[in-house]
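Reading through the structure tokens given below for one structure.
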Amino acid sequence: MIPVYIRYVSREIYAAVALVLLAFLGLFAFFDLVNELDEVGKNGYALHHAAIYVAMIMPGRVYELMPIAVLIGTLYALTTLARHSEITVLRASGLSTRRFLLALLSVGSVFVVLTFVFGEYLAPPAERAAQQWRLAATRSMVSQELRTGLWVRDGKLFVNVRSVLPDTSLQGVRIYEFDDTATLVSISEADSGVFQDGAGWRLKGVGKTLFLGDRTEIQQLPELVWRSELTPDVLSVLMVVPERMSVTTLYSYIRHLEDNKQRTTRYEIALWKKLAYPFAALVMMGLALPFGYMQTRMGGVSLKVFSGIMIGVGFHLLNGLFSNLGVINGWVPAVAALTPSIAFLLAAMGMMWWVERR
């Protein structure tokens with residue numbers, strides 16, 4: 001009887017989580033569309049452009065909202081079963097808390113896999129495509145923090161790019177080359193650059209100034225191949241926030257920053273969060289179980305669902321808070337990324353102990 005009923009509970013949880021997730025996606029899609037209305041009518045950016053952009057960022061929303069949807073959906077399903085005394089019957093039939101928790105964790109493993117797939121394989125390319133679509137629709141270029149454009153370091157080279165187009169092609173490239181004694185060796189200027197797999201950047205309209213001791217030499221080249229670790233994947237960080245990147249892209253960019261002796265804290269925290277975030281679904285299910293054990297007199301379904309929403313919002317806010325504090329204070333990336341999940345896991349264990357004692 002118990003295994004059959006566990007399967008029934010699993011189906012209830014899957015259905016509830018799917019409904020909650022769809023409701024959240026609809027709500028966030030509405031908010032995102034309203035936010036995009038400020039840009040509609042500017043530079044040819046029409047309503048259908050905004051709608052397509054909102055649709056393209058939805059995989060990222062699924063990734064962000066999955067743990068919260070798992071918490072609320074599981075909480076609603078368990079609370080509904082508890083209201084009909086079905087969980088009480090299960091416990092009276094010999095279902096221990098440990099066995100029930102293991103059953104929930106097996107259900108949660110499905111959501112762990114889904115969260116990882118969306119976060120690693122669906123959301124990053126969709127987010128990058130969405131930003132490219134928006135930039136192209138508004139006839140914009142990738143914005144830079146400095147008025148002189150983008151500055152990056154590539155070994156002994158310091159590269160200044162005036163603008164990066166949505167297809168990651170470059171305009172106005174200037175490359176400063178230094179030797180081991182930090183002496184300027186050459187300055188290369190190019191009108192544009194396009195990346196070709198296996199070959200590197202193909203720069204066009206190149207003017208190169210060589211500094212040869214007490215004299216200079218100027219070369220004019222129609223084309224120049226520049227081999228560099230600076231690839232379109234690295235440039236994609238300009239359009240996609242670290243939290244929306246894939247693990248492989250984050251790792252590659254961290255290596256690039258380390259090789260050039262630049263600060264990597266923000267991206268390391270994002271990498272640890274990407275690795276840990278899928279398992280937040282299991283933590284959320286652990287938080288939901290104590291609510292299912294509470295009797296109806298200890299709070300109605302609506303109150304418990306509201307509590308679940310508040311817990312989910314708190315988890316989301318705490319995640320962002322610790323990430324920002326970690327970057328500002330230079331915390332160990334793993335600590336900044338994992339502390340919220342560990343705190344909520346301890347809270348789930350404490351709540352379960354309290355319910356069992358009662």
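By order in the structure tokens, chains are A, B, ...; within a chain, residues start at 1; ligands start at 1, following the order shown.
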
Which polymer residues have any atom within 12 Å of an atom of segment 325-339 of chain A, counting only C-alpha atoms, with same-chain residues fewer than 6 positions away left out, as a ChimeraX atom specification?
/A:243,263-280,315,318-319,345-346

Take the residues just selected and output them with N, CA and C atoms as a PDB file, in the first residue's frame.
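Saved as out.pdb:
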ATOM      1  N   GLU A 243      25.602  35.076 -13.413  1.00  0.00           N
ATOM      2  CA  GLU A 243      24.652  34.096 -12.899  1.00  0.00           C
ATOM      3  C   GLU A 243      23.898  33.371 -14.012  1.00  0.00           C
ATOM      4  N   ARG A 263      41.022  40.259 -11.014  1.00  0.00           N
ATOM      5  CA  ARG A 263      40.186  39.769  -9.921  1.00  0.00           C
ATOM      6  C   ARG A 263      39.085  38.850 -10.467  1.00  0.00           C
ATOM      7  N   THR A 264      38.870  37.742  -9.788  1.00  0.00           N
ATOM      8  CA  THR A 264      37.916  36.734 -10.276  1.00  0.00           C
ATOM      9  C   THR A 264      36.790  36.447  -9.280  1.00  0.00           C
ATOM     10  N   THR A 265      36.721  37.179  -8.164  1.00  0.00           N
ATOM     11  CA  THR A 265      35.804  36.828  -7.070  1.00  0.00           C
ATOM     12  C   THR A 265      34.364  36.701  -7.533  1.00  0.00           C
ATOM     13  N   ARG A 266      33.878  37.680  -8.275  1.00  0.00           N
ATOM     14  CA  ARG A 266      32.468  37.663  -8.688  1.00  0.00           C
ATOM     15  C   ARG A 266      32.158  36.421  -9.515  1.00  0.00           C
ATOM     16  N   TYR A 267      33.060  36.064 -10.412  1.00  0.00           N
ATOM     17  CA  TYR A 267      32.814  34.930 -11.304  1.00  0.00           C
ATOM     18  C   TYR A 267      33.008  33.600 -10.583  1.00  0.00           C
ATOM     19  N   GLU A 268      33.903  33.555  -9.602  1.00  0.00           N
ATOM     20  CA  GLU A 268      34.055  32.331  -8.816  1.00  0.00           C
ATOM     21  C   GLU A 268      32.817  32.082  -7.959  1.00  0.00           C
ATOM     22  N   ILE A 269      32.256  33.141  -7.370  1.00  0.00           N
ATOM     23  CA  ILE A 269      31.020  32.992  -6.605  1.00  0.00           C
ATOM     24  C   ILE A 269      29.893  32.506  -7.505  1.00  0.00           C
ATOM     25  N   ALA A 270      29.807  33.082  -8.704  1.00  0.00           N
ATOM     26  CA  ALA A 270      28.773  32.649  -9.649  1.00  0.00           C
ATOM     27  C   ALA A 270      28.962  31.184 -10.040  1.00  0.00           C
ATOM     28  N   LEU A 271      30.219  30.754 -10.190  1.00  0.00           N
ATOM     29  CA  LEU A 271      30.498  29.359 -10.538  1.00  0.00           C
ATOM     30  C   LEU A 271      30.044  28.415  -9.426  1.00  0.00           C
ATOM     31  N   TRP A 272      30.371  28.743  -8.184  1.00  0.00           N
ATOM     32  CA  TRP A 272      29.949  27.912  -7.062  1.00  0.00           C
ATOM     33  C   TRP A 272      28.424  27.881  -6.940  1.00  0.00           C
ATOM     34  N   LYS A 273      27.785  29.020  -7.189  1.00  0.00           N
ATOM     35  CA  LYS A 273      26.324  29.060  -7.129  1.00  0.00           C
ATOM     36  C   LYS A 273      25.704  28.190  -8.219  1.00  0.00           C
ATOM     37  N   LYS A 274      26.319  28.201  -9.393  1.00  0.00           N
ATOM     38  CA  LYS A 274      25.802  27.362 -10.483  1.00  0.00           C
ATOM     39  C   LYS A 274      25.901  25.885 -10.131  1.00  0.00           C
ATOM     40  N   LEU A 275      26.964  25.515  -9.424  1.00  0.00           N
ATOM     41  CA  LEU A 275      27.143  24.120  -9.037  1.00  0.00           C
ATOM     42  C   LEU A 275      26.189  23.714  -7.912  1.00  0.00           C
ATOM     43  N   ALA A 276      25.897  24.655  -7.009  1.00  0.00           N
ATOM     44  CA  ALA A 276      25.092  24.321  -5.827  1.00  0.00           C
ATOM     45  C   ALA A 276      23.601  24.553  -6.037  1.00  0.00           C
ATOM     46  N   TYR A 277      23.235  25.484  -6.918  1.00  0.00           N
ATOM     47  CA  TYR A 277      21.833  25.914  -7.021  1.00  0.00           C
ATOM     48  C   TYR A 277      20.865  24.778  -7.362  1.00  0.00           C
ATOM     49  N   PRO A 278      21.195  23.863  -8.266  1.00  0.00           N
ATOM     50  CA  PRO A 278      20.234  22.773  -8.552  1.00  0.00           C
ATOM     51  C   PRO A 278      19.839  21.981  -7.315  1.00  0.00           C
ATOM     52  N   PHE A 279      20.760  21.825  -6.368  1.00  0.00           N
ATOM     53  CA  PHE A 279      20.469  21.045  -5.164  1.00  0.00           C
ATOM     54  C   PHE A 279      19.594  21.816  -4.180  1.00  0.00           C
ATOM     55  N   ALA A 280      19.343  23.099  -4.471  1.00  0.00           N
ATOM     56  CA  ALA A 280      18.433  23.869  -3.624  1.00  0.00           C
ATOM     57  C   ALA A 280      17.029  23.278  -3.663  1.00  0.00           C
ATOM     58  N   PHE A 315      14.890  33.056   0.552  1.00  0.00           N
ATOM     59  CA  PHE A 315      16.026  32.308   0.012  1.00  0.00           C
ATOM     60  C   PHE A 315      16.637  33.041  -1.179  1.00  0.00           C
ATOM     61  N   LEU A 318      18.424  36.185   0.077  1.00  0.00           N
ATOM     62  CA  LEU A 318      19.645  35.839   0.810  1.00  0.00           C
ATOM     63  C   LEU A 318      20.748  35.400  -0.149  1.00  0.00           C
ATOM     64  N   ASN A 319      20.374  34.688  -1.198  1.00  0.00           N
ATOM     65  CA  ASN A 319      21.351  34.284  -2.205  1.00  0.00           C
ATOM     66  C   ASN A 319      22.022  35.497  -2.824  1.00  0.00           C
ATOM     67  N   LEU A 345      19.090  24.553   4.875  1.00  0.00           N
ATOM     68  CA  LEU A 345      19.125  23.124   5.185  1.00  0.00           C
ATOM     69  C   LEU A 345      19.069  22.902   6.697  1.00  0.00           C
ATOM     70  N   LEU A 346      19.824  23.690   7.446  1.00  0.00           N
ATOM     71  CA  LEU A 346      19.795  23.592   8.904  1.00  0.00           C
ATOM     72  C   LEU A 346      18.416  23.970   9.444  1.00  0.00           C
TER      73      LEU A 346
END

Just asking: which residues within segment 115-358 of chain A are strand (DSSP E) according to DSSP, as a PyMOL selection string?
chain A and resi 150-154+157-164+170-178+184-196+200-212+215-226

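Between atom CA of Ala103 of chain A and atom CA of Val89 of chain A the separation is 16.5 Å.
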
Those of segment 90-149 of chain A in DSSP alpha helix (DSSP H), formatted as a ChimeraX atom specification:
/A:90-92,97-117,123-137

Please write the residues from the selection above to a file, keeping N, CA, C and O atoms, as a compact mmCIF listing (two decimals), in the first residue's frame.
# COMPACT_ATOMS: atom_id res chain seq x y z
N LEU A 90 -0.87 7.36 6.41
CA LEU A 90 0.40 6.78 5.96
C LEU A 90 1.32 6.52 7.15
O LEU A 90 1.95 5.46 7.25
N ARG A 91 1.41 7.48 8.05
CA ARG A 91 2.29 7.32 9.20
C ARG A 91 1.78 6.20 10.11
O ARG A 91 2.57 5.44 10.68
N ALA A 92 0.45 6.11 10.23
CA ALA A 92 -0.12 5.04 11.05
C ALA A 92 0.11 3.67 10.42
O ALA A 92 0.14 2.65 11.12
N THR A 97 9.33 8.85 9.13
CA THR A 97 9.74 10.16 8.61
C THR A 97 10.94 10.02 7.69
O THR A 97 11.02 10.67 6.64
N ARG A 98 11.88 9.17 8.07
CA ARG A 98 13.08 8.97 7.26
C ARG A 98 12.71 8.44 5.88
O ARG A 98 13.23 8.91 4.86
N ARG A 99 11.80 7.46 5.84
CA ARG A 99 11.42 6.87 4.55
C ARG A 99 10.65 7.87 3.70
O ARG A 99 10.83 7.92 2.48
N PHE A 100 9.79 8.65 4.35
CA PHE A 100 9.03 9.67 3.62
C PHE A 100 9.99 10.72 3.05
O PHE A 100 9.84 11.17 1.91
N LEU A 101 10.98 11.12 3.85
CA LEU A 101 11.94 12.12 3.38
C LEU A 101 12.76 11.59 2.21
O LEU A 101 13.00 12.31 1.22
N LEU A 102 13.17 10.33 2.26
CA LEU A 102 13.91 9.73 1.16
C LEU A 102 13.06 9.68 -0.11
O LEU A 102 13.57 9.88 -1.23
N ALA A 103 11.76 9.39 0.06
CA ALA A 103 10.86 9.37 -1.09
C ALA A 103 10.77 10.76 -1.71
O ALA A 103 10.79 10.92 -2.94
N LEU A 104 10.69 11.79 -0.86
CA LEU A 104 10.64 13.16 -1.37
C LEU A 104 11.94 13.53 -2.07
O LEU A 104 11.92 14.22 -3.11
N LEU A 105 13.06 13.08 -1.54
CA LEU A 105 14.35 13.40 -2.16
C LEU A 105 14.48 12.73 -3.53
O LEU A 105 15.10 13.29 -4.44
N SER A 106 13.91 11.54 -3.68
CA SER A 106 13.92 10.89 -5.00
C SER A 106 13.08 11.67 -6.00
O SER A 106 13.44 11.79 -7.17
N VAL A 107 11.97 12.22 -5.51
CA VAL A 107 11.16 13.10 -6.37
C VAL A 107 11.96 14.37 -6.69
O VAL A 107 11.99 14.84 -7.83
N GLY A 108 12.63 14.91 -5.66
CA GLY A 108 13.39 16.14 -5.85
C GLY A 108 14.56 15.99 -6.79
O GLY A 108 14.99 16.96 -7.42
N SER A 109 15.09 14.76 -6.92
CA SER A 109 16.24 14.56 -7.82
C SER A 109 15.86 14.88 -9.27
O SER A 109 16.70 15.32 -10.05
N VAL A 110 14.59 14.69 -9.61
CA VAL A 110 14.12 15.05 -10.95
C VAL A 110 14.24 16.55 -11.16
O VAL A 110 14.69 17.03 -12.21
N PHE A 111 13.86 17.32 -10.14
CA PHE A 111 13.94 18.77 -10.24
C PHE A 111 15.39 19.25 -10.22
O PHE A 111 15.72 20.27 -10.83
N VAL A 112 16.27 18.52 -9.54
CA VAL A 112 17.69 18.84 -9.56
C VAL A 112 18.23 18.73 -10.98
O VAL A 112 18.92 19.64 -11.47
N VAL A 113 17.89 17.64 -11.65
CA VAL A 113 18.36 17.43 -13.02
C VAL A 113 17.78 18.50 -13.95
O VAL A 113 18.49 19.07 -14.79
N LEU A 114 16.49 18.79 -13.81
CA LEU A 114 15.86 19.81 -14.66
C LEU A 114 16.51 21.17 -14.45
O LEU A 114 16.77 21.90 -15.41
N THR A 115 16.76 21.52 -13.18
CA THR A 115 17.39 22.82 -12.89
C THR A 115 18.77 22.90 -13.51
O THR A 115 19.15 23.92 -14.10
N PHE A 116 19.55 21.81 -13.40
CA PHE A 116 20.89 21.81 -13.98
C PHE A 116 20.84 21.93 -15.50
O PHE A 116 21.62 22.68 -16.10
N VAL A 117 19.93 21.20 -16.14
CA VAL A 117 19.82 21.24 -17.61
C VAL A 117 19.45 22.65 -18.07
O VAL A 117 20.05 23.18 -19.02
N ALA A 123 19.38 27.97 -20.58
CA ALA A 123 19.34 29.39 -20.23
C ALA A 123 20.49 30.21 -20.81
O ALA A 123 20.25 31.29 -21.35
N PRO A 124 21.78 29.75 -20.71
CA PRO A 124 22.87 30.60 -21.22
C PRO A 124 22.77 30.94 -22.71
O PRO A 124 22.85 32.11 -23.07
N PRO A 125 22.58 29.94 -23.60
CA PRO A 125 22.45 30.34 -25.02
C PRO A 125 21.20 31.15 -25.29
O PRO A 125 21.22 32.05 -26.14
N ALA A 126 20.10 30.85 -24.57
CA ALA A 126 18.88 31.63 -24.77
C ALA A 126 19.06 33.07 -24.32
O ALA A 126 18.60 34.01 -24.99
N GLU A 127 19.75 33.26 -23.19
CA GLU A 127 20.00 34.60 -22.69
C GLU A 127 20.90 35.38 -23.65
O GLU A 127 20.65 36.56 -23.94
N ARG A 128 21.94 34.72 -24.16
CA ARG A 128 22.84 35.39 -25.10
C ARG A 128 22.10 35.76 -26.39
O ARG A 128 22.26 36.87 -26.91
N ALA A 129 21.27 34.83 -26.89
CA ALA A 129 20.50 35.10 -28.10
C ALA A 129 19.50 36.23 -27.86
O ALA A 129 19.27 37.07 -28.74
N ALA A 130 18.91 36.25 -26.65
CA ALA A 130 17.94 37.30 -26.33
C ALA A 130 18.61 38.67 -26.32
O ALA A 130 18.05 39.65 -26.85
N GLN A 131 19.79 38.76 -25.72
CA GLN A 131 20.49 40.04 -25.68
C GLN A 131 20.93 40.48 -27.08
O GLN A 131 20.85 41.66 -27.42
N GLN A 132 21.37 39.52 -27.90
CA GLN A 132 21.74 39.85 -29.27
C GLN A 132 20.52 40.33 -30.05
O GLN A 132 20.60 41.28 -30.83
N TRP A 133 19.39 39.67 -29.84
CA TRP A 133 18.14 40.06 -30.51
C TRP A 133 17.74 41.48 -30.10
O TRP A 133 17.37 42.30 -30.94
N ARG A 134 17.83 41.76 -28.81
CA ARG A 134 17.43 43.08 -28.31
C ARG A 134 18.36 44.17 -28.84
O ARG A 134 17.91 45.26 -29.23
N LEU A 135 19.66 43.89 -28.83
CA LEU A 135 20.61 44.88 -29.34
C LEU A 135 20.41 45.14 -30.83
O LEU A 135 20.48 46.28 -31.29
N ALA A 136 20.16 44.05 -31.57
CA ALA A 136 19.93 44.21 -33.01
C ALA A 136 18.63 44.95 -33.27
O ALA A 136 18.55 45.80 -34.17
N ALA A 137 17.58 44.65 -32.50
CA ALA A 137 16.28 45.29 -32.71
C ALA A 137 16.32 46.77 -32.37
O ALA A 137 15.62 47.58 -33.00

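Interatomic distance, atom CA of Ser163 of chain A against atom CA of Ala190 of chain A: 12.2 Å.
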
Tell me, in Å to one decimal, how far atom CA of Ile311 of chain A is from atom CA of Leu78 of chain A.
16.3 Å

So which residues touch Glu217 of chain A within 10 Å, counting only C-alpha atoms, skipping near sequence neighbours fewer than 5 positions away, as a PDB file with all heavy atoms, in the first residue's frame?
ATOM      1  N   SER A 186      54.666  48.047 -29.705  1.00  0.00           N
ATOM      2  CA  SER A 186      53.914  48.403 -30.907  1.00  0.00           C
ATOM      3  C   SER A 186      52.479  48.762 -30.548  1.00  0.00           C
ATOM      4  O   SER A 186      51.963  48.378 -29.488  1.00  0.00           O
ATOM      5  CB  SER A 186      53.924  47.257 -31.919  1.00  0.00           C
ATOM      6  OG  SER A 186      53.169  46.155 -31.429  1.00  0.00           O
ATOM      7  N   LYS A 208      49.865  49.601 -38.169  1.00  0.00           N
ATOM      8  CA  LYS A 208      50.703  49.143 -37.069  1.00  0.00           C
ATOM      9  C   LYS A 208      51.918  50.047 -36.924  1.00  0.00           C
ATOM     10  O   LYS A 208      52.646  50.280 -37.886  1.00  0.00           O
ATOM     11  CB  LYS A 208      51.150  47.703 -37.307  1.00  0.00           C
ATOM     12  CG  LYS A 208      51.882  47.073 -36.130  1.00  0.00           C
ATOM     13  CD  LYS A 208      52.090  45.581 -36.342  1.00  0.00           C
ATOM     14  CE  LYS A 208      52.703  44.917 -35.130  1.00  0.00           C
ATOM     15  NZ  LYS A 208      52.864  43.456 -35.309  1.00  0.00           N
ATOM     16  N   THR A 209      52.121  50.547 -35.710  1.00  0.00           N
ATOM     17  CA  THR A 209      53.265  51.402 -35.409  1.00  0.00           C
ATOM     18  C   THR A 209      54.249  50.622 -34.544  1.00  0.00           C
ATOM     19  O   THR A 209      53.898  50.176 -33.439  1.00  0.00           O
ATOM     20  CB  THR A 209      52.825  52.682 -34.669  1.00  0.00           C
ATOM     21  OG1 THR A 209      51.859  53.382 -35.461  1.00  0.00           O
ATOM     22  CG2 THR A 209      54.019  53.580 -34.403  1.00  0.00           C
ATOM     23  N   LEU A 210      55.466  50.440 -35.026  1.00  0.00           N
ATOM     24  CA  LEU A 210      56.508  49.717 -34.297  1.00  0.00           C
ATOM     25  C   LEU A 210      57.476  50.715 -33.673  1.00  0.00           C
ATOM     26  O   LEU A 210      57.923  51.667 -34.341  1.00  0.00           O
ATOM     27  CB  LEU A 210      57.282  48.795 -35.245  1.00  0.00           C
ATOM     28  CG  LEU A 210      56.466  47.724 -35.982  1.00  0.00           C
ATOM     29  CD1 LEU A 210      57.333  47.004 -37.009  1.00  0.00           C
ATOM     30  CD2 LEU A 210      55.902  46.724 -34.975  1.00  0.00           C
ATOM     31  N   PHE A 211      57.799  50.509 -32.399  1.00  0.00           N
ATOM     32  CA  PHE A 211      58.755  51.372 -31.700  1.00  0.00           C
ATOM     33  C   PHE A 211      60.089  50.636 -31.615  1.00  0.00           C
ATOM     34  O   PHE A 211      60.257  49.678 -30.865  1.00  0.00           O
ATOM     35  CB  PHE A 211      58.230  51.719 -30.308  1.00  0.00           C
ATOM     36  CG  PHE A 211      56.932  52.481 -30.332  1.00  0.00           C
ATOM     37  CD1 PHE A 211      55.715  51.816 -30.228  1.00  0.00           C
ATOM     38  CD2 PHE A 211      56.937  53.857 -30.497  1.00  0.00           C
ATOM     39  CE1 PHE A 211      54.519  52.510 -30.270  1.00  0.00           C
ATOM     40  CE2 PHE A 211      55.738  54.564 -30.548  1.00  0.00           C
ATOM     41  CZ  PHE A 211      54.526  53.887 -30.435  1.00  0.00           C
ATOM     42  N   LEU A 212      61.044  51.103 -32.419  1.00  0.00           N
ATOM     43  CA  LEU A 212      62.333  50.428 -32.559  1.00  0.00           C
ATOM     44  C   LEU A 212      63.438  51.317 -31.989  1.00  0.00           C
ATOM     45  O   LEU A 212      64.187  51.986 -32.715  1.00  0.00           O
ATOM     46  CB  LEU A 212      62.610  50.120 -34.032  1.00  0.00           C
ATOM     47  CG  LEU A 212      61.496  49.335 -34.751  1.00  0.00           C
ATOM     48  CD1 LEU A 212      61.779  49.262 -36.245  1.00  0.00           C
ATOM     49  CD2 LEU A 212      61.372  47.937 -34.161  1.00  0.00           C
TER      50      LEU A 212
END

Could you pull the residues within 6 Å of Val173 of chain A, counting only C-alpha atoms, minus those fewer than 5 positions along the same chain, as a list in words?
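The residues satisfying every condition are Asn160, Val161, Glu189 and Ala190 of chain A.
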
With C-alpha atoms retained, could you export that selection as an mmCIF file, in the first residue's frame?
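Output file part14.cif is given in full below:
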data_model
loop_
_atom_site.group_PDB
_atom_site.id
_atom_site.type_symbol
_atom_site.label_atom_id
_atom_site.label_comp_id
_atom_site.auth_asym_id
_atom_site.auth_seq_id
_atom_site.Cartn_x
_atom_site.Cartn_y
_atom_site.Cartn_z
ATOM 1 C CA ASN A 160 40.912 48.525 -26.472
ATOM 2 C CA VAL A 161 37.739 47.912 -28.496
ATOM 3 C CA GLU A 189 44.854 49.873 -34.965
ATOM 4 C CA ALA A 190 42.167 48.133 -37.000
#

Taking only C-alpha atoms into account, which of A:Tyr251, A:Asp197, A:Gly350, A:Leu257 comes nearest Leu289 of chain A?
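Once distances to Leu289 of chain A are computed over only C-alpha atoms, the minimum belongs to A:Gly350.
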
Minimum-distance residue to Val241 of chain A, chosen among A:Gly60, A:Leu75, A:Trp353, A:Gln220 (using only C-alpha atoms):
A:Gly60

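Using only C-alpha atoms, the nearest neighbour of Tyr14 of chain A within the list A:Val152, A:Ile72, A:Ala46, A:Leu37 is A:Ile72.
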
So that I can see what lies close to Gly314 of chain A, please list as a PyMOL selection string the residues with an atom at most 10 Å from it, counting only C-alpha atoms and leaving out residues fewer than 6 positions away in the same chain.
chain A and resi 68+308+320+340+344

Between A:Phe322, A:Tyr76, A:Tyr53, A:Phe24, which is the closest to Met285 of chain A once you count only C-alpha atoms?
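That would be A:Tyr76, the residue with the smallest distance to Met285 of chain A.
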
If you count only C-alpha atoms, which residues fall within 9 Å of Leu221 of chain A, apart from same-chain ones fewer than 6 positions away, as a ChimeraX atom specification?
/A:204-208

Include N, CA, C and O atoms and write out the residues we just selected as a CSV table (one decimal), in the first residue's frame.
chain,number,residue,atom,x,y,z
A,204,LYS,N,40.8,43.9,-40.1
A,204,LYS,CA,40.8,44.6,-41.4
A,204,LYS,C,41.1,46.1,-41.3
A,204,LYS,O,40.7,46.7,-40.3
A,205,GLY,N,41.8,46.6,-42.3
A,205,GLY,CA,42.2,48.0,-42.2
A,205,GLY,C,43.2,48.3,-41.1
A,205,GLY,O,42.9,49.1,-40.2
A,206,VAL,N,44.3,47.6,-41.1
A,206,VAL,CA,45.2,47.6,-39.9
A,206,VAL,C,46.4,48.6,-40.2
A,206,VAL,O,47.0,48.6,-41.3
A,207,GLY,N,46.6,49.5,-39.2
A,207,GLY,CA,47.8,50.3,-39.2
A,207,GLY,C,48.6,50.0,-38.0
A,207,GLY,O,48.1,50.1,-36.9
A,208,LYS,N,49.9,49.6,-38.2
A,208,LYS,CA,50.7,49.1,-37.1
A,208,LYS,C,51.9,50.0,-36.9
A,208,LYS,O,52.6,50.3,-37.9

Which of A:Ser341, A:Thr183, A:Thr79, A:Ser96 sits closest to Leu303 of chain A [using only C-alpha atoms]:
A:Thr79
